[in-house]
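Each remark here refers to the structure printed beneath this line.
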Amino acid sequence: MKKMKLFLFLALMTVLILQACSTASNNSTEGSKEGSKSVGGELVVLRAADATSLDPHFITDIPSANIIHGKVYETLVAFDRDRKIVPLLAKEWEQKDEVTWTFTLNEGIKFHDGADFNAEAVKATFDRILDPATGSPQRDKLSMINEVVVDDEYVVTLKLKEPYAPLLSILASQEGSMMSPKAIAEAADELATHPVGTGPFVFESWKSGQEITLISNKDYWGTVPKVDKVTFKVVPEDSTRLAMIESGEAHIAEQVPVTEIDRIENSSTMNLFRAEGLAVEFIGFNVKDKLLSDVKVRQAISYAVDREAIISGIYDNVGTLANSAMSPKIIGYSSETKPYDYDVVKAKELLKEAGVQEGTKVKLLTSDRKERINMAEVIQSQLKGIGLDVEIQVMEYGAFISEITKEQHQIFISGWGNATGDADYNQYNLFHTASMGPPGNHFYYSNPEVDKLIEQGRSEANQEARNEIYKKAMQIELDEAVYIPVRNYEHLAVYSNAVKGFWLDASNYTMISGVEIVE
C-alpha cells in the first residue's frame, strides 16, 4: 500500500508539472502572429536628430513630440486610426452648451511617479500651461479655456471664453498631454528632460545627442506593451539608418530618403510604410528682414521658384504639389487658394521695381535632411536666374529650430506638421501675430485682418462658414507672399521583418504601443 501511495503521489506530481510547463509555454507565445513568437526585448527606433525638449508644454515640433506623445504622455481623448476622436483618459464627455465641456474620467489610473490621475490632475495640467509665468509657447493654443472646474474626483469641466470648434482635436494632440501634479509641484524644471505621464512607457534616460530610452509600464492601466524597452537612437546619416535596419541592428527608421524607396521595396528584410500626411513643406520668408520686408521681393522669389521641378526632381513625386500651408486632409482646406505660378520674367520685373541690384546676396537656411539640402541647391540655382546670390546655411535640426526663433534668418525651408487635423492648428500657429517666434510663426508675419479671420474661424461653429473664413485668410497670406507652398507630405518609414503592429499616423507619429518583436 505504501508503494502504491508513493506511485500515485509521483504520478500526480508529474501531471501537475506537465500542466505548469504547458501553461508557461502558452504564455510565452501569447500575441504571436503568423507562426512567429513574440520575444519582448528592446525595440530600436532610429531618428535623424535628437529631441529639442520632452516637455509637451514647450515642444513646438512633431519629431520631439513623437518621443512622448501616446507613449509617456496621454490625453483626455485621442485620434483612432481613422482620425476619429475616441475616449482615452476621459471615458466620456458632454458639451453642455457652446462654452461648457464636461469630462468624466477613467478611475484607478496612476502617473509614473505614483500620483493619482483625477480631476485635480487635469486642472493642475491646464493651470500650468495657462499660467503666464510658465512661459509656455503652447499657451495661446489653449487660451480659449477660461476656467477649469473640478466637479467631482473624476469629473472636470472646461469653461471656455468663447466657442471653440476644434477643442477636442487640440485636446487629442500633444499639447493636451496630462502631466503628474506631483511632478509639476515638485520638479517642474525637470520635465523638459524627465517626463512623467500615465502612458504605456516610462521614461528611463536621455543621453543628449545619442539616445532616449523608455521602458514598458508594467502597471499600465490599459494593454501593457509587448516590448520591454524602446530606444530612440540618433543616427544622422540616412545610409547608416537604412543599413542598420537591413542588418537587423535596429527595427524602425522614421525618416526615409525618397532615393531609397526602390531598395527598400526590393529588400527581403525591410518593409516600407507610407502614409498620406497632414503636413506641408514650404519655403518661408522672415518678413521683418530688411530685404524681404518688401512684398515685391518676396513675390519675385515666389515667381522664380519652380515648385513642380522640386517635387519631381528632388522628391521623385513622393507627396503632391501644395497650394497653401494646409494639406487636403485638413478640416478647412480649400482647393481654390492659388499661389504664384512659375514666371521668371515676372520675377525679374518685380525685383527691378523693388530696386534690387543683380548679385544681391540672400541667405537660405535649412536643416540637414538630405532632400532639403538638395532642395536648397535647386532654389539657389533658380534664384541665380533672377540675379540673386544665395548662400545656403545648413544646420542640425535642433540648431535649425533654435535659429528660426531668433528672428535673424532670411529665407528658410521648413514644414508644418498638423497634429490635430484642423485648420486652426495651421493658421493660428503659423500666421497669427500672437504666435510669432517659438509657437510657430517663424515668418514674423502680422496682419490685423488675418488675425481677425483666424479668430473668427476658431469660434465659428458652422463648418462651411469656417471653410470660407480660412480660404480668405490663406489667400491673403499667399498674395502677400509670406511663404511658398511646395509639397503636401507623404510620410515614409522603414521597418524590419522582426516588427509586427507598427504604423505611422497622418501626423507622422510613430505608433508603437502595440508593436511586438517576433522571431
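By order in the C-alpha cells, chains are A, B, ...; within a chain, residues start at 1; ligands start at 1, following the order shown.
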Taking 3 positions as the minimum chain separation for residues in the same chain, which residues sit within 8 Å of stretch 210-221 of chain A when counting only C-alpha atoms? Answer as a PyMOL selection string. chain A and resi 50+108-110+198-207+224-225+227-235
Those residues you just picked out, can you put them in a file as a PDB file, in the first residue's frame with C-alpha atoms?
ATOM      1  CA  ASP A  50      17.683  64.456 -31.199  1.00  0.00           C
ATOM      2  CA  GLY A 108      -7.769  53.985 -10.883  1.00  0.00           C
ATOM      3  CA  ILE A 109      -5.100  55.405 -13.207  1.00  0.00           C
ATOM      4  CA  LYS A 110      -1.681  56.330 -11.798  1.00  0.00           C
ATOM      5  CA  THR A 198       0.322  57.917 -17.465  1.00  0.00           C
ATOM      6  CA  GLY A 199       1.294  56.201 -20.728  1.00  0.00           C
ATOM      7  CA  PRO A 200       2.319  52.667 -21.685  1.00  0.00           C
ATOM      8  CA  PHE A 201       6.015  53.591 -21.494  1.00  0.00           C
ATOM      9  CA  VAL A 202       8.017  55.143 -18.645  1.00  0.00           C
ATOM     10  CA  PHE A 203      10.919  57.494 -19.297  1.00  0.00           C
ATOM     11  CA  GLU A 204      14.257  55.953 -18.293  1.00  0.00           C
ATOM     12  CA  SER A 205      17.131  58.062 -19.666  1.00  0.00           C
ATOM     13  CA  TRP A 206      18.285  60.657 -22.196  1.00  0.00           C
ATOM     14  CA  LYS A 207      21.868  60.739 -23.429  1.00  0.00           C
ATOM     15  CA  VAL A 224       0.761  46.560 -21.392  1.00  0.00           C
ATOM     16  CA  PRO A 225       3.255  46.853 -24.299  1.00  0.00           C
ATOM     17  CA  VAL A 227       8.245  45.070 -25.821  1.00  0.00           C
ATOM     18  CA  ASP A 228      10.266  45.629 -22.657  1.00  0.00           C
ATOM     19  CA  LYS A 229      12.151  48.716 -23.789  1.00  0.00           C
ATOM     20  CA  VAL A 230      12.180  51.303 -26.591  1.00  0.00           C
ATOM     21  CA  THR A 231      15.386  53.115 -27.507  1.00  0.00           C
ATOM     22  CA  PHE A 232      15.271  56.098 -29.860  1.00  0.00           C
ATOM     23  CA  LYS A 233      18.775  56.330 -31.313  1.00  0.00           C
ATOM     24  CA  VAL A 234      20.087  59.430 -33.078  1.00  0.00           C
ATOM     25  CA  VAL A 235      21.711  58.415 -36.373  1.00  0.00           C
TER      26      VAL A 235
END
Would you mind listing, for every residue of stretch 397-490 of chain A within 7 Å of stretch 53-64 of chain A, the two atoms forming the shortest contact and the distance between them in Å to one decimal, using only C-alpha atoms, sorted by chain and ascending residue number, as a Markdown table?
| residue | atom | partner | partner_atom | distance |
| --- | --- | --- | --- | --- |
| A:Gly417 | CA | A:Ile62 | CA | 6.6 |
| A:Pro438 | CA | A:Thr60 | CA | 6.9 |
| A:Pro439 | CA | A:Thr60 | CA | 6.1 |
Show which residues sit within 7 Å of stretch 270-285 of chain A, as a ChimeraX atom specification. Count only C-alpha atoms, and ignore same-chain residues fewer than 6 positions away. /A:245-246,264,292,325-327,329-330,410-418,421,443,482-497,504-508
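Each of A:Asp131, A:Glu480, A:Asp97, A:Glu396 was checked against A:Ser446 using only C-alpha atoms; the smallest atom-to-atom distance is that of A:Glu480.
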Long-range neighbours of stretch 78-88 of chain A as number ranges by chain, 8 Å cut-off, only C-alpha atoms, 6 positions minimum in chain: A: 168-169, 171-173, 505
Just the helix (DSSP H, G or I) stuff from stretch 186-368 of chain A, please, per backbone DSSP, written as a PyMOL selection string. chain A and resi 186-190+238-247+258-265+295-304+307-313+344-353
Report the distance between atom CA of A:Ala243 and atom CA of A:Ile314 in Å, rounded to one decimal place. 22.0 Å
Exercise: stretch 403-405 of chain A partners within 8 Å, only C-alpha atoms, chain neighbours under 4 positions left out, as a PyMOL selection string: chain A and resi 399+409+437-438+442
Let me see the file: selected residues, N, CA, C and O atoms, as a PDB file, in the first residue's frame.
ATOM      1  N   ALA A 399      19.431  72.870 -33.886  1.00  0.00           N
ATOM      2  CA  ALA A 399      20.013  74.199 -34.090  1.00  0.00           C
ATOM      3  C   ALA A 399      19.172  75.007 -35.072  1.00  0.00           C
ATOM      4  O   ALA A 399      19.004  76.223 -34.915  1.00  0.00           O
ATOM      5  N   HIS A 409      17.083  85.090 -39.344  1.00  0.00           N
ATOM      6  CA  HIS A 409      17.187  84.398 -40.618  1.00  0.00           C
ATOM      7  C   HIS A 409      16.528  85.219 -41.729  1.00  0.00           C
ATOM      8  O   HIS A 409      15.843  86.211 -41.470  1.00  0.00           O
ATOM      9  N   GLY A 437       7.571  83.635 -33.328  1.00  0.00           N
ATOM     10  CA  GLY A 437       8.664  83.013 -32.602  1.00  0.00           C
ATOM     11  C   GLY A 437       8.418  81.540 -32.308  1.00  0.00           C
ATOM     12  O   GLY A 437       7.922  80.800 -33.161  1.00  0.00           O
ATOM     13  N   PRO A 438       8.735  81.070 -31.100  1.00  0.00           N
ATOM     14  CA  PRO A 438       8.665  79.646 -30.769  1.00  0.00           C
ATOM     15  C   PRO A 438       7.344  78.945 -31.080  1.00  0.00           C
ATOM     16  O   PRO A 438       7.376  77.792 -31.515  1.00  0.00           O
ATOM     17  N   HIS A 442       7.320  81.652 -37.670  1.00  0.00           N
ATOM     18  CA  HIS A 442       8.725  81.977 -37.930  1.00  0.00           C
ATOM     19  C   HIS A 442       8.882  82.916 -39.114  1.00  0.00           C
ATOM     20  O   HIS A 442       9.994  83.252 -39.496  1.00  0.00           O
TER      21      HIS A 442
END
Just the strand (DSSP E) stuff from stretch 324-387 of chain A, please, per backbone DSSP, written as a short mmCIF file (atom, residue, chain, number, x, y, z; two decimals) with N, CA and C atoms, in the first residue's frame.
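So the final result, stored in states-v3.cif, reads:
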data_model
loop_
_atom_site.label_atom_id
_atom_site.label_comp_id
_atom_site.auth_asym_id
_atom_site.auth_seq_id
_atom_site.Cartn_x
_atom_site.Cartn_y
_atom_site.Cartn_z
N THR A 360 22.66 90.74 -55.59
CA THR A 360 22.29 90.93 -54.17
C THR A 360 22.34 89.60 -53.44
N LYS A 361 22.96 89.58 -52.27
CA LYS A 361 23.13 88.35 -51.51
C LYS A 361 21.93 88.11 -50.58
N VAL A 362 21.55 86.85 -50.44
CA VAL A 362 20.49 86.45 -49.54
C VAL A 362 20.82 85.08 -48.98
N LYS A 363 20.47 84.84 -47.72
CA LYS A 363 20.79 83.57 -47.06
C LYS A 363 19.56 82.65 -47.03
N LEU A 364 19.81 81.39 -47.33
CA LEU A 364 18.77 80.37 -47.33
C LEU A 364 19.14 79.32 -46.28
N LEU A 365 18.31 79.21 -45.25
CA LEU A 365 18.57 78.31 -44.12
C LEU A 365 17.77 77.02 -44.25
N THR A 366 18.42 75.88 -43.97
CA THR A 366 17.72 74.60 -43.99
C THR A 366 18.30 73.68 -42.92
N SER A 367 17.49 72.69 -42.51
CA SER A 367 18.01 71.64 -41.64
C SER A 367 18.83 70.69 -42.50
#
